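This report concerns only the one structure given below.
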Amino acid sequence: MSLVVDKLSHRYGAVQAVQDASFTAAAGQITCVMGRNGVGKTTLLRSLMGQLKATGSVRLHDTEIGGLPAHRRAKLGLALVPQGREIFPKLTVEENLLVGLAARSDGQRSVPEVAYETFPILRDFRRRMGGDLSGGQQQQLAIARAMVGDPKALLLDEPTEGIQPNIIQEIGRVLRRLAGQGLAIVLVEQYLDFVREIGDRFAIMERGQIVAAGATSELSQEIVQKHLNV
Ligand SMILES: Nc1ncnc2c1ncn2[C@@H]1O[C@H](COP(=O)(O)OP(=O)(O)O)[C@@H](O)[C@H]1O
Ligand SMILES: [Mg+2]
């Protein structure tokens, strides 16, 4: 299912954090949102998820979801892997994954095998506390928890932040595979090599607005130097 965003805006009091952001994240593609710290990337994703109240339109496979609360968007197939992962440190890995079931409508009560097949380390560690995992393992857990809800569109906020290279590679393979299954993926990412490696499209934000967009193959050095810190 594609995600079509039209003139999305959010302000925190006097701070216009996102202004008139429009883009399409096509089904089967990884659309990368880039930009320096503080330009509005997290606000954009949290507005798409419905965790922040925004103006403008968000359509998921032709259904307008822009006015719906987050739990309704989740039921319709939208999932967010938040910045900083936000796993529950005092719950076990399995309990963290069970939380993801809330987004489903099919009555599934146990962790679907796909979560453990995707990241086998989570099966080995399923009785461990979330807080006892490494940062990379927690990120895998956060992604698996989103997948447990069987989403059609997946939003990820800087999943490679502070994570070791081998786990970044594993996450990249998983995201490519999910895109191959038809998911629309919106990836907020500052790590340029990762974007070039796994992204299909990019959109660059500056002060709340999307100022450049295109295919990642067109992500020139000029664009990078102008809008990103490298
Ligand atoms: N809860 C908040 N209240 C007020 N301003 C905020 C809040 N969260 C973020 N901001 C501001 O909104 C802007 C965008 O922040 P954010 O979306 O977190 O950017 P990014 O994810 O690109 O680093 C920044 O200027 C930030 O200081
Ligand atoms: Mg952020």
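In the structure tokens, each chain is lettered A, B, ... as it comes, each chain's residues begin at 1, and ligands are numbered from 1 in order of appearance.
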
Task: segment 23-117 of chain A: residues DSSP assigns to strand (DSSP E or B), reported as a list in words - done: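 Answer for segment 23-117 of chain A, restricted to strand (DSSP E or B): Phe23, Thr24, Ala25, Ile30, Thr31, Cys32, Val33, Met34, Thr55, Gly56, Ser57, Val58, Arg59, Leu60, Thr63, Glu64, Leu78, Ala79, Leu80, Val81 and Thr92 of chain A.
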
Save the residues we just selected, N, CA and C atoms, as a compact mmCIF listing (two decimals), in the first residue's frame?
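Ended up saving to out-v9.txt:
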# COMPACT_ATOMS: atom_id res chain seq x y z
N PHE A 23 4.87 14.23 -0.15
CA PHE A 23 5.65 13.21 -0.85
C PHE A 23 4.85 11.92 -0.89
N THR A 24 5.26 11.02 -1.76
CA THR A 24 4.63 9.71 -1.84
C THR A 24 5.67 8.65 -1.53
N ALA A 25 5.31 7.74 -0.63
CA ALA A 25 6.14 6.56 -0.39
C ALA A 25 5.42 5.39 -1.06
N ILE A 30 11.69 1.92 -0.72
CA ILE A 30 12.22 2.55 0.49
C ILE A 30 12.45 4.02 0.17
N THR A 31 11.66 4.87 0.84
CA THR A 31 11.76 6.31 0.65
C THR A 31 12.50 6.88 1.86
N CYS A 32 13.64 7.52 1.60
CA CYS A 32 14.50 7.98 2.70
C CYS A 32 14.31 9.46 2.94
N VAL A 33 14.02 9.82 4.18
CA VAL A 33 13.90 11.22 4.57
C VAL A 33 15.19 11.61 5.29
N MET A 34 15.84 12.63 4.74
CA MET A 34 17.14 13.02 5.27
C MET A 34 17.11 14.48 5.69
N THR A 55 -1.97 19.16 10.40
CA THR A 55 -2.92 19.49 9.35
C THR A 55 -2.39 18.91 8.04
N GLY A 56 -3.29 18.77 7.07
CA GLY A 56 -2.90 18.20 5.79
C GLY A 56 -3.47 16.81 5.64
N SER A 57 -3.11 16.16 4.55
CA SER A 57 -3.70 14.88 4.21
C SER A 57 -2.67 13.76 4.23
N VAL A 58 -3.08 12.62 4.77
CA VAL A 58 -2.26 11.41 4.71
C VAL A 58 -3.17 10.29 4.20
N ARG A 59 -2.81 9.71 3.06
CA ARG A 59 -3.62 8.61 2.53
C ARG A 59 -2.82 7.32 2.51
N LEU A 60 -3.42 6.29 3.04
CA LEU A 60 -2.82 4.97 3.01
C LEU A 60 -3.68 4.13 2.07
N THR A 63 -7.10 5.46 1.42
CA THR A 63 -7.94 5.78 2.58
C THR A 63 -7.34 6.98 3.30
N GLU A 64 -8.15 8.00 3.51
CA GLU A 64 -7.65 9.17 4.24
C GLU A 64 -7.53 8.81 5.72
N LEU A 78 -0.37 0.89 9.46
CA LEU A 78 0.78 1.78 9.56
C LEU A 78 1.53 1.49 10.86
N ALA A 79 2.85 1.40 10.79
CA ALA A 79 3.64 1.13 11.99
C ALA A 79 4.84 2.06 12.04
N LEU A 80 5.22 2.45 13.26
CA LEU A 80 6.37 3.33 13.48
C LEU A 80 7.40 2.65 14.37
N VAL A 81 8.64 2.65 13.92
CA VAL A 81 9.77 2.26 14.77
C VAL A 81 10.41 3.56 15.21
N THR A 92 10.27 -8.71 29.02
CA THR A 92 11.13 -9.60 28.26
C THR A 92 11.00 -9.29 26.77

Open item on the list: Which residues are near ligand 1 - at most 6 Å, using only C-alpha atoms and all ligand atoms? Format: as JSON, numbers by chain.
Closed with: {"A": [12, 17, 37, 38, 39, 40, 41, 42, 43]}

Task: Spatial neighbours of segment 125-129 of chain A, max dist 7 Å, only C-alpha atoms, sep filter under 4 positions, as a count of residues only - done: 7

Open item on the list: Could you list, as number ranges by chain, every residue within 9 Å of Ser110 of chain A, counting only C-alpha atoms and ignoring same-chain residues fewer than 5 positions away?
Closed with: A: 97-98, 101

For the residues in the current selection, export N, CA and C atoms as a PDB file, in the first residue's frame.
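What landed in selection_16.pdb:
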ATOM      1  N   LEU A  97       7.461  -8.092  22.182  1.00  0.00           N
ATOM      2  CA  LEU A  97       6.894  -8.453  20.873  1.00  0.00           C
ATOM      3  C   LEU A  97       5.380  -8.591  20.950  1.00  0.00           C
ATOM      4  N   LEU A  98       4.885  -9.107  22.081  1.00  0.00           N
ATOM      5  CA  LEU A  98       3.433  -9.275  22.241  1.00  0.00           C
ATOM      6  C   LEU A  98       2.711  -7.924  22.185  1.00  0.00           C
ATOM      7  N   LEU A 101       1.157  -6.994  18.944  1.00  0.00           N
ATOM      8  CA  LEU A 101      -0.077  -7.658  18.488  1.00  0.00           C
ATOM      9  C   LEU A 101      -1.281  -6.720  18.509  1.00  0.00           C
TER      10      LEU A 101
END

Just want the 12 Å neighbourhood of Glu170 of chain A, counted on only C-alpha atoms, with same-chain residues fewer than 2 positions away dropped. Output as an mmCIF file with C-alpha atoms, in the first residue's frame.
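Okay, selection.cif is ready:
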data_model
loop_
_atom_site.group_PDB
_atom_site.id
_atom_site.type_symbol
_atom_site.label_atom_id
_atom_site.label_comp_id
_atom_site.auth_asym_id
_atom_site.auth_seq_id
_atom_site.Cartn_x
_atom_site.Cartn_y
_atom_site.Cartn_z
ATOM 1 C CA THR A 118 13.640 -12.281 10.692
ATOM 2 C CA PHE A 119 15.938 -11.753 13.683
ATOM 3 C CA PRO A 120 16.861 -15.197 15.097
ATOM 4 C CA ILE A 121 18.755 -13.616 18.013
ATOM 5 C CA GLY A 136 21.636 -3.163 18.016
ATOM 6 C CA GLN A 137 19.567 -5.995 19.463
ATOM 7 C CA GLN A 139 16.774 -1.947 17.422
ATOM 8 C CA GLN A 140 16.079 -5.376 15.956
ATOM 9 C CA ILE A 143 11.635 -3.466 14.166
ATOM 10 C CA PRO A 159 17.314 2.880 12.996
ATOM 11 C CA THR A 160 21.085 2.868 12.417
ATOM 12 C CA ILE A 163 24.500 0.675 15.962
ATOM 13 C CA GLN A 164 27.375 -1.556 14.934
ATOM 14 C CA PRO A 165 27.971 -2.102 11.183
ATOM 15 C CA ASN A 166 27.069 -5.817 11.015
ATOM 16 C CA ILE A 167 23.636 -5.167 12.533
ATOM 17 C CA ILE A 168 23.133 -2.182 10.210
ATOM 18 C CA GLY A 172 19.270 -3.226 5.587
ATOM 19 C CA ARG A 173 18.655 -6.733 4.246
ATOM 20 C CA VAL A 174 15.444 -7.020 6.252
ATOM 21 C CA LEU A 175 14.135 -3.675 4.995
ATOM 22 C CA ARG A 176 14.927 -4.598 1.377
ATOM 23 C CA ARG A 177 13.095 -7.888 1.857
ATOM 24 C CA PHE A 194 23.049 3.299 3.931
ATOM 25 C CA ILE A 198 19.143 0.428 0.227
#

Task: helix (DSSP H, G or I) call set, DSSP backbone run, segment 15-222 of chain A, as a PyMOL selection string - done: chain A and resi 41-49+70-75+93-103+113-118+120-124+130-132+135-148+165-180+192-198+216-218+221-222

Open item on the list: With distances taken over only C-alpha atoms, which residue among A:Val111, A:Leu133, A:Ile171, A:Ala54 lies nearest Arg145 of chain A?
Closed with: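 Comparing A:Val111, A:Leu133, A:Ile171, A:Ala54 against Arg145 of chain A, the winner is A:Val111.
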
Open item on the list: Just want the 10 Å neighbourhood of Leu45 of chain A, counted on only C-alpha atoms, with same-chain residues fewer than 5 positions away dropped. Output as a PyMOL selection string.
Closed with: chain A and resi 33+40+50-52+80-83+155-157+186-188

Written file, previous selection with C-alpha atoms, as a PDB file, in the first residue's frame:
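To be explicit, this is the file written out as result06.pdb:
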ATOM      1  CA  VAL A  33      13.900  11.223   4.570  1.00  0.00           C
ATOM      2  CA  GLY A  40      11.600  18.142  11.513  1.00  0.00           C
ATOM      3  CA  GLY A  50      -0.925  10.224  14.431  1.00  0.00           C
ATOM      4  CA  GLN A  51       1.079  10.682  17.614  1.00  0.00           C
ATOM      5  CA  LEU A  52       1.133  14.408  16.885  1.00  0.00           C
ATOM      6  CA  LEU A  80       6.373   3.332  13.476  1.00  0.00           C
ATOM      7  CA  VAL A  81       9.772   2.256  14.767  1.00  0.00           C
ATOM      8  CA  PRO A  82      10.538   5.320  16.887  1.00  0.00           C
ATOM      9  CA  GLN A  83      13.822   7.142  17.292  1.00  0.00           C
ATOM     10  CA  LEU A 155       8.036   4.232   9.255  1.00  0.00           C
ATOM     11  CA  LEU A 156      11.517   4.030  10.804  1.00  0.00           C
ATOM     12  CA  ASP A 157      13.245   6.887  12.615  1.00  0.00           C
ATOM     13  CA  VAL A 186       9.707   5.541   5.012  1.00  0.00           C
ATOM     14  CA  LEU A 187      13.207   5.584   6.446  1.00  0.00           C
ATOM     15  CA  VAL A 188      14.494   8.629   8.302  1.00  0.00           C
TER      16      VAL A 188
END

- [ ] Work out how far atom CA of Asp150 of chain A is from atom CA of Gly77 of chain A, in Å to one decimal.
- [x]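 Interatomic distance here is 7.0 Å.
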
Open item on the list: Nearest residue to ligand 2 out of A:Lys152, A:Gly35, A:Glu206, A:Ala213, using only C-alpha atoms and all ligand atoms?
Closed with: A:Gly35

Open item on the list: Excluding Gln138 of chain A and its own-chain neighbours fewer than 3 positions away, which residues fall within 10 Å of it when counting only C-alpha atoms? Please give them as a PyMOL selection string.
Closed with: chain A and resi 84-89+93+122+130-135+141-144+163

Task: Nearest to Ala179 of chain A, chosen from A:Pro69, A:Gly199, A:Gly162, A:Pro112, with only C-alpha atoms counted in the distances - done: A:Gly199
